[in-house]
$ cat my_file05.csv   # CSV, C-alpha atoms and all ligand atoms
chain,number,residue,atom,x,y,z
A,1,MET,CA,0.0,0.0,0.0
A,2,SER,CA,1.4,3.4,-1.0
A,3,PHE,CA,1.1,6.6,1.0
A,4,ASP,CA,-0.3,8.3,-2.1
A,5,SER,CA,-3.5,6.3,-1.7
A,6,LEU,CA,-4.2,8.0,1.7
A,7,PRO,CA,-6.2,11.2,2.0
A,8,LEU,CA,-3.2,13.1,3.4
A,9,ALA,CA,-2.4,16.7,2.6
A,10,PRO,CA,-0.1,17.0,-0.5
A,11,ALA,CA,2.6,18.7,1.6
A,12,LEU,CA,2.7,15.7,4.0
A,13,LEU,CA,2.8,13.3,1.0
A,14,SER,CA,5.6,15.1,-0.8
A,15,ASN,CA,7.6,15.2,2.5
A,16,LEU,CA,7.2,11.4,2.9
A,17,ALA,CA,8.7,11.0,-0.6
A,18,ASP,CA,11.6,13.3,0.4
A,19,ILE,CA,12.4,11.3,3.5
A,20,GLY,CA,12.2,8.0,1.5
A,21,TYR,CA,8.9,6.6,2.8
A,22,SER,CA,6.9,5.2,-0.2
A,23,GLN,CA,5.1,2.1,1.1
A,24,LEU,CA,3.2,1.8,4.4
A,25,THR,CA,4.5,-0.8,6.8
A,26,GLU,CA,2.0,-3.5,7.8
A,27,ILE,CA,0.9,-1.8,11.0
A,28,GLN,CA,0.7,1.6,9.3
A,29,ALA,CA,-1.6,0.0,6.6
A,30,ALA,CA,-3.8,-1.5,9.3
A,31,ALA,CA,-3.9,1.4,11.7
A,32,LEU,CA,-3.5,4.6,9.7
A,33,PRO,CA,-6.8,4.6,7.7
A,34,PRO,CA,-9.0,4.2,10.9
A,35,ILE,CA,-6.8,6.7,12.7
A,36,ILE,CA,-7.4,9.2,9.9
A,37,GLU,CA,-11.1,8.5,10.1
A,38,GLY,CA,-10.9,9.6,13.8
A,39,ARG,CA,-11.4,6.3,15.5
A,40,ASP,CA,-9.9,5.2,18.8
A,41,VAL,CA,-7.3,2.6,17.8
A,42,ILE,CA,-5.4,0.0,19.9
A,43,ALA,CA,-2.4,-1.2,17.9
A,44,GLN,CA,-0.1,-4.1,18.7
A,45,ALA,CA,3.0,-4.7,16.7
A,46,LYS,CA,6.6,-5.4,17.4
A,47,THR,CA,9.4,-2.9,17.9
A,48,GLY,CA,10.7,-1.3,14.6
A,49,SER,CA,7.5,-1.8,12.7
A,50,GLY,CA,6.8,1.9,12.2
A,51,LYS,CA,4.3,2.6,14.9
A,52,THR,CA,5.4,6.2,15.4
A,53,ALA,CA,4.4,7.2,11.9
A,54,ALA,CA,1.2,5.2,12.2
A,55,PHE,CA,0.0,7.7,14.9
A,56,GLY,CA,2.2,10.6,13.8
A,57,LEU,CA,0.7,11.0,10.4
A,58,GLY,CA,-2.8,10.8,11.8
A,59,VAL,CA,-1.9,13.5,14.4
A,60,LEU,CA,-0.3,15.7,11.8
A,61,HIS,CA,-3.1,15.3,9.3
A,62,LYS,CA,-5.6,16.5,11.9
A,63,LEU,CA,-3.5,19.2,13.6
A,64,GLN,CA,-4.6,22.9,13.0
A,65,VAL,CA,-1.3,24.7,13.0
A,66,GLU,CA,-3.0,28.1,13.0
A,67,ARG,CA,-4.5,27.3,16.4
A,68,PHE,CA,-1.4,27.6,18.6
A,69,ARG,CA,-2.6,25.4,21.4
A,70,VAL,CA,-1.6,22.0,22.7
A,71,GLN,CA,-3.8,19.7,20.5
A,72,THR,CA,-1.9,16.4,20.9
A,73,LEU,CA,-0.4,14.8,24.0
A,74,VAL,CA,1.9,11.8,23.4
A,75,MET,CA,3.1,9.8,26.5
A,76,CYS,CA,6.1,7.5,26.4
A,77,PRO,CA,7.7,5.4,29.2
A,78,THR,CA,11.2,6.9,29.1
A,79,ARG,CA,13.0,10.1,28.0
A,80,GLU,CA,14.9,8.1,25.3
A,81,LEU,CA,11.7,6.9,23.8
A,82,ALA,CA,10.1,10.4,24.0
A,83,ASP,CA,13.1,11.9,22.3
A,84,GLN,CA,12.9,9.3,19.5
A,85,VAL,CA,9.2,9.9,19.0
A,86,ALA,CA,9.7,13.7,18.9
A,87,ARG,CA,12.5,13.3,16.3
A,88,GLU,CA,10.3,11.1,14.1
A,89,LEU,CA,7.4,13.5,14.4
A,90,ARG,CA,9.6,16.5,13.5
A,91,LYS,CA,10.9,14.5,10.4
A,92,LEU,CA,7.3,13.8,9.4
A,93,ALA,CA,6.3,17.4,10.0
A,94,ARG,CA,9.1,19.1,8.0
A,95,ALA,CA,6.5,20.4,5.5
A,96,ILE,CA,4.4,22.0,8.1
A,97,HIS,CA,5.6,25.5,8.8
A,98,ASN,CA,5.7,26.9,12.3
A,99,ILE,CA,4.7,23.6,14.0
A,100,LYS,CA,6.0,23.4,17.5
A,101,ILE,CA,6.7,20.0,19.1
A,102,LEU,CA,7.9,20.1,22.7
A,103,THR,CA,9.3,17.3,24.9
A,104,LEU,CA,8.6,17.2,28.6
A,105,CYS,CA,10.5,14.5,30.4
A,106,GLY,CA,11.7,13.7,33.9
A,107,GLY,CA,15.4,13.9,34.6
A,108,MET,CA,15.5,17.2,32.8
A,109,PRO,CA,15.6,20.6,34.6
A,110,PHE,CA,12.2,22.1,35.2
A,111,GLY,CA,13.0,25.7,34.6
A,112,PRO,CA,13.7,25.6,30.8
A,113,GLN,CA,10.5,23.5,30.4
A,114,LEU,CA,8.5,26.4,32.0
A,115,GLY,CA,10.1,28.8,29.5
A,116,SER,CA,9.3,26.5,26.6
A,117,LEU,CA,5.7,26.0,27.8
A,118,GLU,CA,5.2,29.8,28.0
A,119,HIS,CA,6.2,30.0,24.3
A,120,GLY,CA,3.5,27.4,23.5
A,121,ALA,CA,3.3,24.2,21.5
A,122,HIS,CA,1.0,22.2,19.3
A,123,ILE,CA,2.3,18.7,20.3
A,124,ILE,CA,3.7,17.6,23.7
A,125,VAL,CA,5.7,14.4,23.9
A,126,GLY,CA,6.8,13.3,27.3
A,127,THR,CA,6.9,11.0,30.2
A,128,PRO,CA,3.9,10.6,32.6
A,129,GLY,CA,5.6,11.7,35.8
A,130,ARG,CA,6.8,15.1,34.5
A,131,ILE,CA,3.6,15.7,32.5
A,132,GLU,CA,1.5,15.1,35.6
A,133,GLU,CA,3.7,17.5,37.5
A,134,HIS,CA,3.2,20.3,34.9
A,135,VAL,CA,-0.6,19.6,34.9
A,136,ARG,CA,-0.8,19.7,38.7
A,137,LYS,CA,1.2,23.0,38.8
A,138,GLY,CA,-1.0,24.5,36.0
A,139,THR,CA,2.0,25.1,33.8
A,140,LEU,CA,0.5,22.7,31.2
A,141,VAL,CA,-3.2,23.0,30.3
A,142,LEU,CA,-4.8,20.2,28.4
A,143,GLU,CA,-8.2,21.6,27.7
A,144,HIS,CA,-7.6,21.9,24.0
A,145,VAL,CA,-6.1,18.4,23.5
A,146,ASP,CA,-8.1,16.4,21.0
A,147,THR,CA,-5.7,13.6,20.4
A,148,LEU,CA,-4.1,11.5,23.2
A,149,VAL,CA,-1.5,8.9,22.4
A,150,LEU,CA,-0.2,6.3,24.8
A,151,ASP,CA,2.9,4.8,23.3
A,152,GLU,CA,4.4,1.6,24.7
A,153,ALA,CA,1.5,1.5,27.2
A,154,ASP,CA,2.5,-1.9,28.6
A,155,ARG,CA,6.0,-0.5,29.6
A,156,MET,CA,4.4,2.6,31.1
A,157,LEU,CA,2.3,0.4,33.4
A,158,ASP,CA,5.3,-1.8,34.2
A,159,MET,CA,7.2,1.3,35.3
A,160,GLY,CA,4.4,2.2,37.7
A,161,PHE,CA,2.9,5.1,35.8
A,162,GLN,CA,-0.7,4.0,36.1
A,163,ALA,CA,-1.7,6.6,38.7
A,164,SER,CA,0.0,9.4,36.7
A,165,LEU,CA,-1.7,8.3,33.5
A,166,ASP,CA,-5.1,8.3,35.1
A,167,ALA,CA,-4.6,11.7,36.7
A,168,ILE,CA,-3.5,13.1,33.3
A,169,VAL,CA,-6.3,11.5,31.3
A,170,GLU,CA,-8.8,13.0,33.7
A,171,GLN,CA,-7.7,16.5,32.5
A,172,VAL,CA,-8.0,15.8,28.8
A,173,PRO,CA,-11.5,16.5,27.3
A,174,ARG,CA,-13.6,13.4,26.9
A,175,ALA,CA,-14.4,14.3,23.3
A,176,ARG,CA,-11.0,13.2,22.0
A,177,GLN,CA,-9.4,10.5,19.9
A,178,THR,CA,-7.3,8.1,22.0
A,179,LEU,CA,-4.6,5.9,20.4
A,180,LEU,CA,-2.8,3.2,22.3
A,181,PHE,CA,0.3,1.3,21.3
A,182,SER,CA,1.5,-1.8,23.1
A,183,ALA,CA,3.6,-4.8,22.4
A,184,THR,CA,1.7,-7.0,24.8
A,185,PHE,CA,-1.9,-7.1,26.2
A,186,PRO,CA,-1.9,-8.1,29.8
A,187,ASP,CA,-5.2,-7.5,31.8
A,188,ALA,CA,-3.9,-4.2,33.1
A,189,ILE,CA,-3.8,-2.9,29.5
A,190,GLU,CA,-7.3,-4.2,28.8
A,191,ALA,CA,-8.5,-2.4,31.9
A,192,LEU,CA,-6.7,0.8,30.8
A,193,THR,CA,-8.3,0.8,27.3
A,194,ALA,CA,-11.7,0.3,28.9
A,195,ARG,CA,-11.2,3.3,31.1
A,196,VAL,CA,-9.7,5.7,28.6
A,197,MET,CA,-11.0,4.7,25.1
A,198,GLN,CA,-14.3,4.7,23.3
A,199,SER,CA,-15.3,1.8,21.1
A,200,PRO,CA,-11.6,1.2,20.1
A,201,LEU,CA,-10.7,-0.8,17.1
A,202,LEU,CA,-8.0,-3.4,17.8
A,203,VAL,CA,-5.4,-3.8,15.0
A,204,LYS,CA,-2.7,-6.4,15.5
A,205,VAL,CA,0.2,-7.4,13.3
A,206,GLU,CA,1.5,-10.8,14.2
A,207,ALA,CA,5.2,-11.5,14.3
A,208,LYS,CA,6.3,-13.6,11.4
A,209,HIS,CA,8.3,-16.8,12.0
A,301,LIG,P1,8.3,1.3,16.4
A,301,LIG,O1,7.7,2.4,17.2
A,301,LIG,O2,7.2,0.4,15.9
A,301,LIG,O3,9.3,0.5,17.2
A,301,LIG,P2,9.4,3.3,14.7
A,301,LIG,O4,8.2,4.2,14.6
A,301,LIG,O5,10.5,3.8,15.7
A,301,LIG,O6,9.0,1.8,15.1
A,301,LIG,O7,10.0,3.1,13.3
A,301,LIG,C1,11.2,2.3,13.0
A,301,LIG,C2,12.0,2.8,11.9
A,301,LIG,O8,11.3,2.7,10.6
A,301,LIG,C3,12.3,4.3,12.0
A,301,LIG,O9,13.6,4.5,11.7
A,301,LIG,C4,11.4,5.0,10.9
A,301,LIG,O10,12.0,6.1,10.5
A,301,LIG,C5,11.3,3.9,9.9
A,301,LIG,N1,10.0,3.9,9.1
A,301,LIG,C6,8.7,4.0,9.7
A,301,LIG,N2,7.8,3.9,8.7
A,301,LIG,C7,8.5,3.7,7.5
A,301,LIG,C8,8.0,3.6,6.1
A,301,LIG,N3,6.7,3.6,5.8
A,301,LIG,N4,9.0,3.5,5.2
A,301,LIG,C9,10.3,3.5,5.5
A,301,LIG,N5,10.8,3.6,6.8
A,301,LIG,C10,9.9,3.7,7.8
A,302,MG,MG,7.7,3.1,19.1

$ encode --input "my_file05.csv" --output "C-alpha cells"
Amino acid sequence: MSFDSLPLAPALLSNLADIGYSQLTEIQAAALPPIIEGRDVIAQAKTGSGKTAAFGLGVLHKLQVERFRVQTLVMCPTRELADQVARELRKLARAIHNIKILTLCGGMPFGPQLGSLEHGAHIIVGTPGRIEEHVRKGTLVLEHVDTLVLDEADRMLDMGFQASLDAIVEQVPRARQTLLFSATFPDAIEALTARVMQSPLLVKVEAKH
C-alpha cells in the first residue's frame, strides 16, 4: 500500500517521498486509515514496525497549525523513547511551517521547560511523571487536547505510571481521539483501554516466523 492512496495533505505526502517513505509498513496500513477517520485505535506490533508514523501521520493530518494550542499529547515510558518519537514527528512534520513539538521529560531541569511552555506548543511528547507535575502546577493546560497517544503502554504500566496516567487523562477532554500502542496485552492494558478509550478498534500485526 502506497502513502499516495491515503487522503493526506499534498505537503505531507511530498515530504514522505523526500524522506524515503513510499510504502506503508504493515501496522501503518492497518492502523492509519481508521486513525485518519478519527477512530480510537489500539495497535499491537513489534518494535521497529513503524508505529510512530502510524499515529504521527494521523496526528499531523488532523492538527490545525494556525491554532497555537496543545492539541496532541503523546506519552512514552522513558526520556529516550520520548526523544525518539519527537525526532520522528519532526521529520514527518518538516513540510508544516511553524509547527511546535515540545518534549517534557523527567530527569531534565524544570526551569527551561517552563520557559518553553510559555512560548506554547502544538504537540507535547513526554513521560507521565513530568507531564503530571506540569498539569498539577497548572503550567501545562490540556483543555484543547483532541488527540491522546499512549505509546508503549505496557511499559508505562510496568514502570508504575498507572496513577499518573489516570490523573493526566482526567484532565483531557472526553471528546477526543485516543490511540494506544502496546507490544503486549496483559489484563492491566485491557482495563486501561476500557477506562480511557471509546469503542476502540484493535489492530494487530502478528510477528512472522
Ligand atoms: P516502532 O515504534 O514500531 O518501534 P518506529 O516508529 O520507531 O518503530 O520506526 C522504526 C523505523 O522505521 C524508523 O527509523 C522509521 O523512520 C522507519 N519507518 C517507519 N515507517 C516507515 C516507512 N513507511 N517506510 C520506511 N521507513 C519507515
Ligand atoms: Mg515506538

$ residues_near_ligand --input "my_file05.csv" --ligand "ligand MG 302 (chain A)" --cutoff "7 Å" --atoms "only C-alpha atoms and all ligand atoms" --output "JSON, numbers by chain"
{"A": [47, 48, 51, 52, 85, 151, 152]}

$ residues_near_ligand --input "my_file05.csv" --ligand "ligand LIG 301 (chain A)" --cutoff "8 Å" --atoms "all atoms listed in the file" --output "PyMOL selection string"
chain A and resi 3+20-25+28+45-54+84-85+88

$ atom_distance --input "my_file05.csv" --atom1 "atom CA of A:Gln44" --atom2 "atom CA of A:Cys76"
15.2 Å

$ closest_residue --input "my_file05.csv" --among "A:Asp40, A:Asp166, A:Glu80, A:Glu206" --to "A:Ala191" --atoms "only C-alpha atoms"
A:Asp166

$ closest_residue --input "my_file05.csv" --among "A:Val125, A:Leu165, A:Phe55, A:Leu102" --to "A:Ala30" --atoms "all atoms listed in the file"
A:Phe55

$ residues_near_point --input "my_file05.csv" --point "(-5.7, 12.9, 22.4)" --cutoff "9 Å" --atoms "all atoms listed in the file" --output "PyMOL selection string"
chain A and resi 59+71-74+145-150+172-173+175-179

$ closest_residue --input "my_file05.csv" --among "A:Leu92, A:Val41, A:Leu60, A:Met197" --to "A:Ser14" --atoms "all atoms listed in the file"
A:Leu92

$ residues_around --input "my_file05.csv" --residues "A:Ala9" --least-positions-apart "2" --cutoff "12 Å" --atoms "all atoms listed in the file" --output "PyMOL selection string"
chain A and resi 3-7+11-16+36+57-58+60-63+93+95-96

$ residues_around --input "my_file05.csv" --residues "stretch 157-160 of chain A" --least-positions-apart "5" --cutoff "10 Å" --atoms "only C-alpha atoms" --output "PyMOL selection string"
chain A and resi 77-78+128-129+152+165+188-189+192

$ write_last_selection --input "my_file05.csv" --atoms "C-alpha atoms" --output "short mmCIF file (atom, residue, chain, number, x, y, z; two decimals), in the frame of the given file"
data_model
loop_
_atom_site.label_atom_id
_atom_site.label_comp_id
_atom_site.auth_asym_id
_atom_site.auth_seq_id
_atom_site.Cartn_x
_atom_site.Cartn_y
_atom_site.Cartn_z
CA PRO A 77 7.70 5.40 29.20
CA THR A 78 11.20 6.90 29.10
CA PRO A 128 3.90 10.60 32.60
CA GLY A 129 5.60 11.70 35.80
CA GLU A 152 4.40 1.60 24.70
CA LEU A 165 -1.70 8.30 33.50
CA ALA A 188 -3.90 -4.20 33.10
CA ILE A 189 -3.80 -2.90 29.50
CA LEU A 192 -6.70 0.80 30.80
#

$ closest_residue --input "my_file05.csv" --among "A:Ile101, A:Ile168, A:Leu142, A:Leu89" --to "A:Arg130" --atoms "all atoms listed in the file"
A:Ile168

$ residues_around --input "my_file05.csv" --residues "A:Pro200" --least-positions-apart "4" --cutoff "12 Å" --atoms "all atoms listed in the file" --output "mmCIF file with C-alpha atoms, in the frame of the given file"
data_model
loop_
_atom_site.group_PDB
_atom_site.id
_atom_site.type_symbol
_atom_site.label_atom_id
_atom_site.label_comp_id
_atom_site.auth_asym_id
_atom_site.auth_seq_id
_atom_site.Cartn_x
_atom_site.Cartn_y
_atom_site.Cartn_z
ATOM 1 C CA ALA A 31 -3.900 1.400 11.700
ATOM 2 C CA PRO A 34 -9.000 4.200 10.900
ATOM 3 C CA ILE A 35 -6.800 6.700 12.700
ATOM 4 C CA GLY A 38 -10.900 9.600 13.800
ATOM 5 C CA ARG A 39 -11.400 6.300 15.500
ATOM 6 C CA ASP A 40 -9.900 5.200 18.800
ATOM 7 C CA VAL A 41 -7.300 2.600 17.800
ATOM 8 C CA ILE A 42 -5.400 0.000 19.900
ATOM 9 C CA ALA A 43 -2.400 -1.200 17.900
ATOM 10 C CA GLN A 177 -9.400 10.500 19.900
ATOM 11 C CA THR A 178 -7.300 8.100 22.000
ATOM 12 C CA LEU A 179 -4.600 5.900 20.400
ATOM 13 C CA LEU A 180 -2.800 3.200 22.300
ATOM 14 C CA PHE A 181 0.300 1.300 21.300
ATOM 15 C CA GLU A 190 -7.300 -4.200 28.800
ATOM 16 C CA LEU A 192 -6.700 0.800 30.800
ATOM 17 C CA THR A 193 -8.300 0.800 27.300
ATOM 18 C CA ALA A 194 -11.700 0.300 28.900
ATOM 19 C CA ARG A 195 -11.200 3.300 31.100
ATOM 20 C CA VAL A 196 -9.700 5.700 28.600
#

$ residues_around --input "my_file05.csv" --residues "A:Leu114" --least-positions-apart "5" --cutoff "12 Å" --atoms "all atoms listed in the file" --output "MDAnalysis selection string"
chainID A and resid 102:104 108:109 119:121 130:131 133:135 137:140

$ closest_residue --input "my_file05.csv" --among "A:Ala153, A:Cys105, A:Ile19, A:Ile27" --to "A:Ala207" --atoms "only C-alpha atoms"
A:Ile27

$ closest_residue --input "my_file05.csv" --among "A:Ser164, A:Asp83, A:Arg155, A:Gln64" --to "A:His122" --atoms "only C-alpha atoms"
A:Gln64
